[in-house]
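Data from coords00.cif: mmCIF, C-alpha atoms
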data_my_file
loop_
_atom_site.group_PDB
_atom_site.id
_atom_site.type_symbol
_atom_site.label_atom_id
_atom_site.label_comp_id
_atom_site.auth_asym_id
_atom_site.auth_seq_id
_atom_site.Cartn_x
_atom_site.Cartn_y
_atom_site.Cartn_z
ATOM 1 C CA MET A 1 -58.991 -44.879 24.323
ATOM 2 C CA ASP A 2 -55.927 -46.994 23.599
ATOM 3 C CA PRO A 3 -53.735 -45.920 20.679
ATOM 4 C CA LEU A 4 -53.830 -48.144 17.619
ATOM 5 C CA TYR A 5 -50.136 -49.009 18.100
ATOM 6 C CA ARG A 6 -47.952 -48.582 21.132
ATOM 7 C CA LEU A 7 -44.230 -49.308 20.942
ATOM 8 C CA GLU A 8 -42.164 -49.808 24.084
ATOM 9 C CA SER A 9 -38.373 -50.114 23.823
ATOM 10 C CA ILE A 10 -38.621 -51.507 20.289
ATOM 11 C CA GLY A 11 -35.261 -52.360 18.767
ATOM 12 C CA LYS A 12 -34.101 -54.297 15.726
ATOM 13 C CA ARG A 13 -30.610 -55.635 15.166
ATOM 14 C CA TYR A 14 -28.974 -57.634 12.418
ATOM 15 C CA GLY A 15 -25.954 -59.190 14.037
ATOM 16 C CA GLU A 16 -24.021 -56.338 15.637
ATOM 17 C CA LYS A 17 -25.777 -53.653 13.595
ATOM 18 C CA GLU A 18 -28.637 -51.820 15.262
ATOM 19 C CA VAL A 19 -31.090 -50.526 12.636
ATOM 20 C CA LEU A 20 -33.964 -49.382 14.854
ATOM 21 C CA SER A 21 -34.208 -48.126 18.433
ATOM 22 C CA ILE A 22 -37.485 -46.546 19.555
ATOM 23 C CA PRO A 23 -37.948 -46.105 23.326
ATOM 24 C CA ALA A 24 -41.632 -45.152 23.058
ATOM 25 C CA LEU A 25 -44.107 -44.307 20.309
ATOM 26 C CA GLU A 26 -47.890 -44.175 20.056
ATOM 27 C CA ILE A 27 -49.809 -44.099 16.789
ATOM 28 C CA ARG A 28 -53.440 -43.072 16.859
ATOM 29 C CA GLU A 29 -56.231 -44.554 14.800
ATOM 30 C CA GLY A 30 -58.026 -42.894 11.889
ATOM 31 C CA ARG A 31 -55.266 -40.509 10.849
ATOM 32 C CA ILE A 32 -52.488 -40.141 8.303
ATOM 33 C CA GLN A 33 -49.031 -40.607 9.779
ATOM 34 C CA PHE A 34 -46.113 -39.429 7.648
ATOM 35 C CA LEU A 35 -42.901 -41.349 8.259
ATOM 36 C CA THR A 36 -39.881 -39.375 7.094
ATOM 37 C CA GLY A 37 -36.109 -39.581 7.268
ATOM 38 C CA PRO A 38 -33.105 -40.180 5.026
ATOM 39 C CA ASN A 39 -32.410 -43.460 3.257
ATOM 40 C CA GLY A 40 -31.286 -46.087 5.745
ATOM 41 C CA SER A 41 -33.008 -44.388 8.684
ATOM 42 C CA GLY A 42 -35.174 -47.423 9.502
ATOM 43 C CA LYS A 43 -38.458 -46.478 7.844
ATOM 44 C CA THR A 44 -38.941 -49.777 5.991
ATOM 45 C CA THR A 45 -37.930 -51.746 9.081
ATOM 46 C CA LEU A 46 -40.515 -49.913 11.182
ATOM 47 C CA LEU A 47 -43.229 -50.450 8.570
ATOM 48 C CA SER A 48 -42.434 -54.180 8.467
ATOM 49 C CA ILE A 49 -42.760 -54.407 12.250
ATOM 50 C CA LEU A 50 -46.081 -52.525 12.172
ATOM 51 C CA ALA A 51 -47.262 -54.959 9.472
ATOM 52 C CA PHE A 52 -46.445 -57.861 11.830
ATOM 53 C CA LEU A 53 -44.042 -59.233 9.219
ATOM 54 C CA LEU A 54 -40.811 -58.567 11.116
ATOM 55 C CA ARG A 55 -40.353 -59.394 14.776
ATOM 56 C CA PRO A 56 -38.355 -56.819 16.737
ATOM 57 C CA THR A 57 -35.207 -57.994 18.481
ATOM 58 C CA THR A 58 -36.181 -56.258 21.716
ATOM 59 C CA GLY A 59 -39.205 -54.509 23.170
ATOM 60 C CA VAL A 60 -42.973 -54.889 23.153
ATOM 61 C CA LEU A 61 -45.507 -53.940 20.494
ATOM 62 C CA TYR A 62 -49.158 -53.377 21.402
ATOM 63 C CA TYR A 63 -51.963 -53.291 18.858
ATOM 64 C CA LYS A 64 -55.348 -51.940 19.944
ATOM 65 C CA GLY A 65 -54.262 -52.264 23.553
ATOM 66 C CA THR A 66 -53.201 -55.916 23.307
ATOM 67 C CA ARG A 67 -49.630 -57.123 23.434
ATOM 68 C CA VAL A 68 -48.589 -58.735 20.151
ATOM 69 C CA GLU A 69 -47.564 -62.374 20.492
ATOM 70 C CA TRP A 70 -45.300 -63.216 17.562
ATOM 71 C CA LYS A 71 -46.620 -66.668 16.815
ATOM 72 C CA GLY A 72 -49.173 -68.796 15.005
ATOM 73 C CA LYS A 73 -52.802 -67.901 14.480
ATOM 74 C CA THR A 74 -52.426 -64.632 16.381
ATOM 75 C CA LEU A 75 -50.157 -63.259 13.665
ATOM 76 C CA VAL A 76 -52.419 -64.486 10.867
ATOM 77 C CA ALA A 77 -55.382 -62.625 12.379
ATOM 78 C CA LEU A 78 -53.362 -59.437 12.832
ATOM 79 C CA ARG A 79 -51.901 -59.533 9.340
ATOM 80 C CA ARG A 80 -55.393 -59.660 7.870
ATOM 81 C CA GLN A 81 -56.090 -56.232 9.358
ATOM 82 C CA VAL A 82 -52.971 -54.572 7.956
ATOM 83 C CA THR A 83 -51.640 -54.258 4.402
ATOM 84 C CA LEU A 84 -48.134 -53.123 3.444
ATOM 85 C CA LEU A 85 -47.578 -51.685 -0.032
ATOM 86 C CA HIS A 86 -43.910 -51.733 -1.014
ATOM 87 C CA GLN A 87 -42.173 -49.047 -3.041
ATOM 88 C CA SER A 88 -41.615 -51.453 -5.956
ATOM 89 C CA PRO A 89 -44.658 -53.743 -5.832
ATOM 90 C CA TYR A 90 -44.620 -57.140 -7.500
ATOM 91 C CA LEU A 91 -47.471 -57.941 -9.878
ATOM 92 C CA PHE A 92 -48.271 -61.412 -11.128
ATOM 93 C CA ASP A 93 -47.942 -62.176 -14.842
ATOM 94 C CA CYS A 94 -51.679 -62.078 -15.518
ATOM 95 C CA THR A 95 -54.509 -59.592 -15.904
ATOM 96 C CA VAL A 96 -55.162 -56.584 -13.716
ATOM 97 C CA PHE A 97 -58.375 -58.250 -12.523
ATOM 98 C CA SER A 98 -56.538 -61.406 -11.419
ATOM 99 C CA ASN A 99 -53.893 -59.394 -9.603
ATOM 100 C CA VAL A 100 -56.443 -57.416 -7.629
ATOM 101 C CA ALA A 101 -58.509 -60.554 -6.959
ATOM 102 C CA TYR A 102 -55.613 -62.500 -5.465
ATOM 103 C CA GLY A 103 -56.024 -61.426 -1.839
ATOM 104 C CA LEU A 104 -59.762 -61.917 -1.964
ATOM 105 C CA LYS A 105 -59.330 -65.496 -3.166
ATOM 106 C CA VAL A 106 -57.016 -66.209 -0.260
ATOM 107 C CA ARG A 107 -59.817 -64.995 2.010
ATOM 108 C CA ASN A 108 -62.430 -67.033 0.087
ATOM 109 C CA ILE A 109 -64.218 -63.919 -1.170
ATOM 110 C CA ASP A 110 -65.300 -64.415 -4.769
ATOM 111 C CA GLY A 111 -68.404 -64.399 -6.928
ATOM 112 C CA ARG A 112 -70.474 -61.245 -7.169
ATOM 113 C CA ALA A 113 -69.203 -59.791 -3.895
ATOM 114 C CA GLY A 114 -65.602 -60.177 -5.028
ATOM 115 C CA LYS A 115 -66.260 -58.652 -8.451
ATOM 116 C CA GLU A 116 -67.983 -55.646 -6.897
ATOM 117 C CA ARG A 117 -65.072 -55.008 -4.546
ATOM 118 C CA ILE A 118 -62.553 -55.324 -7.386
ATOM 119 C CA ALA A 119 -64.533 -52.917 -9.570
ATOM 120 C CA GLY A 120 -64.760 -50.456 -6.682
ATOM 121 C CA ALA A 121 -61.035 -50.619 -5.935
ATOM 122 C CA LEU A 122 -60.068 -50.091 -9.578
ATOM 123 C CA LYS A 123 -62.455 -47.157 -9.823
ATOM 124 C CA MET A 124 -60.847 -45.586 -6.741
ATOM 125 C CA VAL A 125 -57.429 -45.599 -8.432
ATOM 126 C CA GLY A 126 -58.760 -44.464 -11.806
ATOM 127 C CA LEU A 127 -58.268 -47.782 -13.602
ATOM 128 C CA ASN A 128 -61.822 -48.887 -14.228
ATOM 129 C CA GLY A 129 -61.868 -50.587 -17.629
ATOM 130 C CA PHE A 130 -58.361 -52.019 -17.116
ATOM 131 C CA GLU A 131 -59.573 -55.394 -15.823
ATOM 132 C CA ASP A 132 -58.453 -57.381 -18.896
ATOM 133 C CA ARG A 133 -55.152 -55.561 -19.439
ATOM 134 C CA LEU A 134 -51.973 -57.505 -18.725
ATOM 135 C CA ALA A 135 -50.527 -56.032 -15.543
ATOM 136 C CA ARG A 136 -46.885 -56.241 -16.606
ATOM 137 C CA GLU A 137 -47.568 -54.255 -19.778
ATOM 138 C CA LEU A 138 -48.664 -51.191 -17.832
ATOM 139 C CA SER A 139 -46.594 -48.095 -17.066
ATOM 140 C CA GLY A 140 -44.800 -47.757 -13.740
ATOM 141 C CA GLY A 141 -47.445 -45.403 -12.391
ATOM 142 C CA GLN A 142 -50.274 -47.678 -13.472
ATOM 143 C CA ILE A 143 -48.540 -50.651 -11.845
ATOM 144 C CA GLN A 144 -48.389 -48.726 -8.570
ATOM 145 C CA ARG A 145 -52.094 -47.948 -8.861
ATOM 146 C CA VAL A 146 -52.938 -51.614 -9.504
ATOM 147 C CA ALA A 147 -50.918 -52.533 -6.421
ATOM 148 C CA LEU A 148 -52.793 -49.904 -4.430
ATOM 149 C CA ALA A 149 -56.116 -51.299 -5.673
ATOM 150 C CA ARG A 150 -54.967 -54.783 -4.636
ATOM 151 C CA ALA A 151 -54.355 -53.416 -1.151
ATOM 152 C CA LEU A 152 -57.583 -51.425 -0.946
ATOM 153 C CA VAL A 153 -59.795 -54.300 -2.077
ATOM 154 C CA LEU A 154 -58.920 -56.060 1.189
ATOM 155 C CA GLU A 155 -60.434 -53.148 3.138
ATOM 156 C CA PRO A 156 -57.534 -53.026 5.621
ATOM 157 C CA ARG A 157 -57.843 -51.352 8.986
ATOM 158 C CA VAL A 158 -54.289 -50.056 8.497
ATOM 159 C CA LEU A 159 -52.574 -49.258 5.202
ATOM 160 C CA LEU A 160 -48.781 -49.010 5.343
ATOM 161 C CA LEU A 161 -47.122 -47.340 2.362
ATOM 162 C CA ASP A 162 -43.395 -47.371 1.607
ATOM 163 C CA GLU A 163 -42.640 -44.412 -0.679
ATOM 164 C CA PRO A 164 -45.779 -44.811 -2.847
ATOM 165 C CA LEU A 165 -45.060 -41.603 -4.801
ATOM 166 C CA ALA A 166 -41.464 -42.413 -5.740
ATOM 167 C CA ASN A 167 -40.614 -42.753 -9.431
ATOM 168 C CA ILE A 168 -44.152 -42.546 -10.808
ATOM 169 C CA ASP A 169 -45.648 -40.103 -13.303
ATOM 170 C CA ARG A 170 -47.403 -36.925 -12.216
ATOM 171 C CA GLU A 171 -50.886 -38.181 -13.106
ATOM 172 C CA SER A 172 -50.497 -41.380 -11.094
ATOM 173 C CA ALA A 173 -48.959 -39.489 -8.178
ATOM 174 C CA GLY A 174 -51.961 -37.177 -8.127
ATOM 175 C CA VAL A 175 -54.380 -40.111 -8.100
ATOM 176 C CA VAL A 176 -52.473 -41.857 -5.301
ATOM 177 C CA ARG A 177 -52.381 -38.669 -3.185
ATOM 178 C CA GLU A 178 -56.117 -38.176 -3.625
ATOM 179 C CA VAL A 179 -56.966 -41.770 -2.695
ATOM 180 C CA ILE A 180 -54.744 -41.717 0.394
ATOM 181 C CA ALA A 181 -56.214 -38.406 1.568
ATOM 182 C CA ARG A 182 -59.726 -39.913 1.604
ATOM 183 C CA LEU A 183 -58.915 -43.108 3.483
ATOM 184 C CA PRO A 184 -59.041 -41.910 7.120
ATOM 185 C CA ALA A 185 -62.602 -40.645 6.628
ATOM 186 C CA GLY A 186 -63.533 -44.223 5.698
ATOM 187 C CA GLY A 187 -61.902 -45.665 8.806
ATOM 188 C CA THR A 188 -58.489 -46.646 7.440
ATOM 189 C CA THR A 189 -55.383 -45.497 9.283
ATOM 190 C CA VAL A 190 -52.535 -44.620 6.905
ATOM 191 C CA ILE A 191 -48.836 -44.735 7.779
ATOM 192 C CA MET A 192 -46.830 -43.487 4.823
ATOM 193 C CA ALA A 193 -43.062 -43.318 4.384
ATOM 194 C CA THR A 194 -42.212 -40.454 2.068
ATOM 195 C CA HIS A 195 -39.413 -38.212 0.794
ATOM 196 C CA ASP A 196 -41.773 -36.035 -1.253
ATOM 197 C CA PRO A 197 -40.623 -32.407 -0.717
ATOM 198 C CA GLY A 198 -43.976 -31.065 -1.878
ATOM 199 C CA LEU A 199 -45.864 -32.390 1.124
ATOM 200 C CA SER A 200 -46.521 -29.906 3.935
ATOM 201 C CA GLY A 201 -49.129 -28.913 6.488
ATOM 202 C CA ARG A 202 -52.051 -31.354 6.320
ATOM 203 C CA PRO A 203 -54.193 -30.445 9.366
ATOM 204 C CA ASP A 204 -55.286 -33.997 10.233
ATOM 205 C CA GLY A 205 -51.885 -35.577 9.585
ATOM 206 C CA GLU A 206 -49.051 -36.376 11.979
ATOM 207 C CA TRP A 207 -45.325 -36.651 11.443
ATOM 208 C CA ILE A 208 -42.843 -39.276 12.619
ATOM 209 C CA ARG A 209 -39.198 -38.625 11.719
ATOM 210 C CA LEU A 210 -36.418 -41.196 11.973
ATOM 211 C CA ASP A 211 -32.689 -40.634 11.783
ATOM 212 C CA GLU A 212 -30.308 -43.600 12.021
ATOM 213 C CA GLY A 213 -33.085 -45.731 13.452
ATOM 214 C CA ARG A 214 -34.092 -43.272 16.174
ATOM 215 C CA LEU A 215 -36.838 -40.718 16.557
ATOM 216 C CA SER A 216 -35.246 -37.383 15.746
ATOM 217 C CA ARG A 217 -38.193 -35.203 16.773
ATOM 218 C CA PRO A 218 -41.310 -35.600 18.908
ATOM 219 C CA ALA A 219 -43.806 -37.845 17.133
ATOM 220 C CA GLY A 220 -47.505 -37.155 16.760
ATOM 221 C CA THR A 221 -47.326 -33.412 16.104
ATOM 222 C CA VAL A 222 -50.574 -32.409 14.460
ATOM 223 C CA GLY A 223 -50.498 -29.829 11.720
ATOM 224 C CA GLU A 224 -46.739 -29.948 11.120
ATOM 225 C CA GLY A 225 -46.665 -32.921 8.839
ATOM 226 C CA PRO A 226 -46.855 -33.280 5.074
ATOM 227 C CA GLU A 227 -49.963 -32.601 3.061
ATOM 228 C CA ILE A 228 -50.996 -34.911 0.257
ATOM 229 C CA SER A 229 -53.920 -33.091 -1.248
#
Rewrite the coordinates I just gave you, this time as structure tokens.
Amino acid sequence: MDPLYRLESIGKRYGEKEVLSIPALEIREGRIQFLTGPNGSGKTTLLSILAFLLRPTTGVLYYKGTRVEWKGKTLVALRRQVTLLHQSPYLFDCTVFSNVAYGLKVRNIDGRAGKERIAGALKMVGLNGFEDRLARELSGGQIQRVALARALVLEPRVLLLDEPLANIDRESAGVVREVIARLPAGGTTVIMATHDPGLSGRPDGEWIRLDEGRLSRPAGTVGEGPEIS
């Protein structure tokens, strides 16, 4: 079976500065991949490439065995399978319900089906009953959970997370960890950048470490990566 992602000689440069250089990397489907490394090591750049939002300067990216062509309708179709949740997510100045509904409207999913998916996503992150609250009046942890619900409601094949546990309260961090831990069983592959020192040893997780844009240890080592539950 082909890996979900395969990277061959992937590099990213901004002018003369090389920010990412990965000779080879395979990421398997249906698992949690923990992406670690110091600030500036290339984690966000790699996540953006895996989300099909940033084209690498060099190299070839394969998704589900097919070479990614960085153009037109091909990218639109790929981006609808993958959702990237940023460390500091942006919420619209409206209700929680409207924020979570946004992606569904873009995909023309509304009515009863849309409402059921929104209710389910908010329940997953422990915010059922928050539909009519103004999103920008929530706490930082609650905002992160709304953003996670907005991602989950799209039922992505791949969920990319850029430091989702950073700078949020303990209760929200616990909810986010629990939700993420359950996703692979439902068919969602998770790739999560993290600095959390409390994560260690999840048996079905794998660990990718970057240092100055390069892999600093063998990737895909089962049982040596962080635990989130």
Between A:Glu155, A:Glu171, A:Glu212, A:Glu131, which is the closest to A:Leu104 once you count all atoms listed in the file?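 Distance minimum relative to A:Leu104 lands on A:Glu155.
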Which residues match the PyMOL selection byres ((chain A and resi 24-38) around 7) in the file above, as a VMD selection string? chain A and resid 3 to 9 22 to 23 39 to 41 43 184 187 to 195 204 to 211 225 to 226
Atoms kept (C-alpha atoms) for selection, written as a JSON list (two decimals), in the frame of the given file:
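Below is the file that was written, result_9.json:
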[["chain", "number", "residue", "atom", "x", "y", "z"],
["A", 3, "PRO", "CA", -53.74, -45.92, 20.68],
["A", 4, "LEU", "CA", -53.83, -48.14, 17.62],
["A", 5, "TYR", "CA", -50.14, -49.01, 18.10],
["A", 6, "ARG", "CA", -47.95, -48.58, 21.13],
["A", 7, "LEU", "CA", -44.23, -49.31, 20.94],
["A", 8, "GLU", "CA", -42.16, -49.81, 24.08],
["A", 9, "SER", "CA", -38.37, -50.11, 23.82],
["A", 22, "ILE", "CA", -37.48, -46.55, 19.56],
["A", 23, "PRO", "CA", -37.95, -46.10, 23.33],
["A", 39, "ASN", "CA", -32.41, -43.46, 3.26],
["A", 40, "GLY", "CA", -31.29, -46.09, 5.74],
["A", 41, "SER", "CA", -33.01, -44.39, 8.68],
["A", 43, "LYS", "CA", -38.46, -46.48, 7.84],
["A", 184, "PRO", "CA", -59.04, -41.91, 7.12],
["A", 187, "GLY", "CA", -61.90, -45.66, 8.81],
["A", 188, "THR", "CA", -58.49, -46.65, 7.44],
["A", 189, "THR", "CA", -55.38, -45.50, 9.28],
["A", 190, "VAL", "CA", -52.54, -44.62, 6.90],
["A", 191, "ILE", "CA", -48.84, -44.74, 7.78],
["A", 192, "MET", "CA", -46.83, -43.49, 4.82],
["A", 193, "ALA", "CA", -43.06, -43.32, 4.38],
["A", 194, "THR", "CA", -42.21, -40.45, 2.07],
["A", 195, "HIS", "CA", -39.41, -38.21, 0.79],
["A", 204, "ASP", "CA", -55.29, -34.00, 10.23],
["A", 205, "GLY", "CA", -51.88, -35.58, 9.59],
["A", 206, "GLU", "CA", -49.05, -36.38, 11.98],
["A", 207, "TRP", "CA", -45.32, -36.65, 11.44],
["A", 208, "ILE", "CA", -42.84, -39.28, 12.62],
["A", 209, "ARG", "CA", -39.20, -38.62, 11.72],
["A", 210, "LEU", "CA", -36.42, -41.20, 11.97],
["A", 211, "ASP", "CA", -32.69, -40.63, 11.78],
["A", 225, "GLY", "CA", -46.66, -32.92, 8.84],
["A", 226, "PRO", "CA", -46.86, -33.28, 5.07]]
The PyMOL selection byres ((chain A and resi 47) around 8) - which residues does that actually catch in the file I just gave you? List them as a ChimeraX atom specification. /A:43-46,48-51,84,160-162
Within 10 Å of A:Ala121, counting all atoms listed in the file, which residues qualify if same-chain residues fewer than 4 places away don't, as JSON, numbers by chain? {"A": [100, 115, 116, 117, 125, 126, 127, 128, 145, 146, 148, 149, 150, 151, 152, 153, 154, 155]}
Using all atoms listed in the file, pick whichever of A:Arg79, A:Arg214, A:Arg133, A:Lys12 has the shortest atom-to-atom distance to A:Arg157.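 Looking only at the distances to A:Arg157, the closest residue turns out to be A:Arg79.
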Enumerate, as an mmCIF file with C-alpha atoms, keeping the file's coordinate frame, the residues matched when the PyMOL selection byres ((chain A and resi 165) around 9) is run on the file above.
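selection_12.cif, written as the output of this step:
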data_model
loop_
_atom_site.group_PDB
_atom_site.id
_atom_site.type_symbol
_atom_site.label_atom_id
_atom_site.label_comp_id
_atom_site.auth_asym_id
_atom_site.auth_seq_id
_atom_site.Cartn_x
_atom_site.Cartn_y
_atom_site.Cartn_z
ATOM 1 C CA GLN A 87 -42.173 -49.047 -3.041
ATOM 2 C CA GLY A 141 -47.445 -45.403 -12.391
ATOM 3 C CA GLN A 144 -48.389 -48.726 -8.570
ATOM 4 C CA ASP A 162 -43.395 -47.371 1.607
ATOM 5 C CA GLU A 163 -42.640 -44.412 -0.679
ATOM 6 C CA PRO A 164 -45.779 -44.811 -2.847
ATOM 7 C CA ALA A 166 -41.464 -42.413 -5.740
ATOM 8 C CA ASN A 167 -40.614 -42.753 -9.431
ATOM 9 C CA ILE A 168 -44.152 -42.546 -10.808
ATOM 10 C CA ASP A 169 -45.648 -40.103 -13.303
ATOM 11 C CA SER A 172 -50.497 -41.380 -11.094
ATOM 12 C CA ALA A 173 -48.959 -39.489 -8.178
ATOM 13 C CA GLY A 174 -51.961 -37.177 -8.127
ATOM 14 C CA VAL A 176 -52.473 -41.857 -5.301
ATOM 15 C CA ARG A 177 -52.381 -38.669 -3.185
ATOM 16 C CA THR A 194 -42.212 -40.454 2.068
ATOM 17 C CA HIS A 195 -39.413 -38.212 0.794
ATOM 18 C CA ASP A 196 -41.773 -36.035 -1.253
#
What does the distance between atom CA of A:Ile109 and atom CA of A:Leu85 come to in Å, to one decimal place?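 Separating atom CA of A:Ile109 from atom CA of A:Leu85 is a distance of 20.7 Å.
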So how many Å separate atom CA of A:Asn108 and atom CA of A:Leu91, to one decimal? 20.1 Å
Atom CA of A:Gly213 and atom CA of A:Lys71, how far apart in Å?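 Separation of atom CA of A:Lys71 and atom CA of A:Gly213: 25.2 Å.
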Could you check the closest approach to A:Phe52 for each of A:Ser139, A:Ser88, A:Thr74, A:Thr66 and tell me which residue wins, using all atoms listed in the file?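 That would be A:Thr74, the residue with the smallest distance to A:Phe52.
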Restricting the calculation to only C-alpha atoms, which member of A:Leu122, A:Ala185, A:Leu75, A:Cys94 is positioned closest to A:Glu137? A:Cys94
Would you fill the gaps in stretch 123-134 of chain A so it has N, CA and C atoms, then print it as an mmCIF file, in the coordinates of the input?
data_model
loop_
_atom_site.group_PDB
_atom_site.id
_atom_site.type_symbol
_atom_site.label_atom_id
_atom_site.label_comp_id
_atom_site.auth_asym_id
_atom_site.auth_seq_id
_atom_site.Cartn_x
_atom_site.Cartn_y
_atom_site.Cartn_z
ATOM 1 N N LYS A 123 -61.878 -48.483 -9.596
ATOM 2 C CA LYS A 123 -62.455 -47.157 -9.823
ATOM 3 C C LYS A 123 -61.781 -46.128 -8.925
ATOM 4 N N MET A 124 -61.487 -46.504 -7.684
ATOM 5 C CA MET A 124 -60.847 -45.586 -6.741
ATOM 6 C C MET A 124 -59.507 -45.093 -7.270
ATOM 7 N N VAL A 125 -58.767 -45.980 -7.944
ATOM 8 C CA VAL A 125 -57.429 -45.599 -8.432
ATOM 9 C C VAL A 125 -57.450 -45.169 -9.891
ATOM 10 N N GLY A 126 -58.643 -44.976 -10.445
ATOM 11 C CA GLY A 126 -58.760 -44.464 -11.806
ATOM 12 C C GLY A 126 -58.420 -45.453 -12.888
ATOM 13 N N LEU A 127 -58.598 -46.753 -12.607
ATOM 14 C CA LEU A 127 -58.268 -47.782 -13.602
ATOM 15 C C LEU A 127 -59.477 -48.656 -13.945
ATOM 16 N N ASN A 128 -60.659 -48.129 -13.783
ATOM 17 C CA ASN A 128 -61.822 -48.887 -14.228
ATOM 18 C C ASN A 128 -61.746 -49.057 -15.755
ATOM 19 N N GLY A 129 -62.030 -50.263 -16.220
ATOM 20 C CA GLY A 129 -61.868 -50.587 -17.629
ATOM 21 C C GLY A 129 -60.548 -51.266 -17.938
ATOM 22 N N PHE A 130 -59.672 -51.388 -16.935
ATOM 23 C CA PHE A 130 -58.361 -52.019 -17.116
ATOM 24 C C PHE A 130 -58.354 -53.492 -16.720
ATOM 25 N N GLU A 131 -59.522 -54.042 -16.381
ATOM 26 C CA GLU A 131 -59.573 -55.394 -15.823
ATOM 27 C C GLU A 131 -58.863 -56.432 -16.684
ATOM 28 N N ASP A 132 -59.006 -56.352 -18.004
ATOM 29 C CA ASP A 132 -58.453 -57.381 -18.896
ATOM 30 C C ASP A 132 -57.067 -57.052 -19.424
ATOM 31 N N ARG A 133 -56.506 -55.910 -19.017
ATOM 32 C CA ARG A 133 -55.152 -55.561 -19.439
ATOM 33 C C ARG A 133 -54.145 -56.444 -18.711
ATOM 34 N N LEU A 134 -53.043 -56.752 -19.374
ATOM 35 C CA LEU A 134 -51.973 -57.505 -18.725
ATOM 36 C C LEU A 134 -51.190 -56.561 -17.811
#
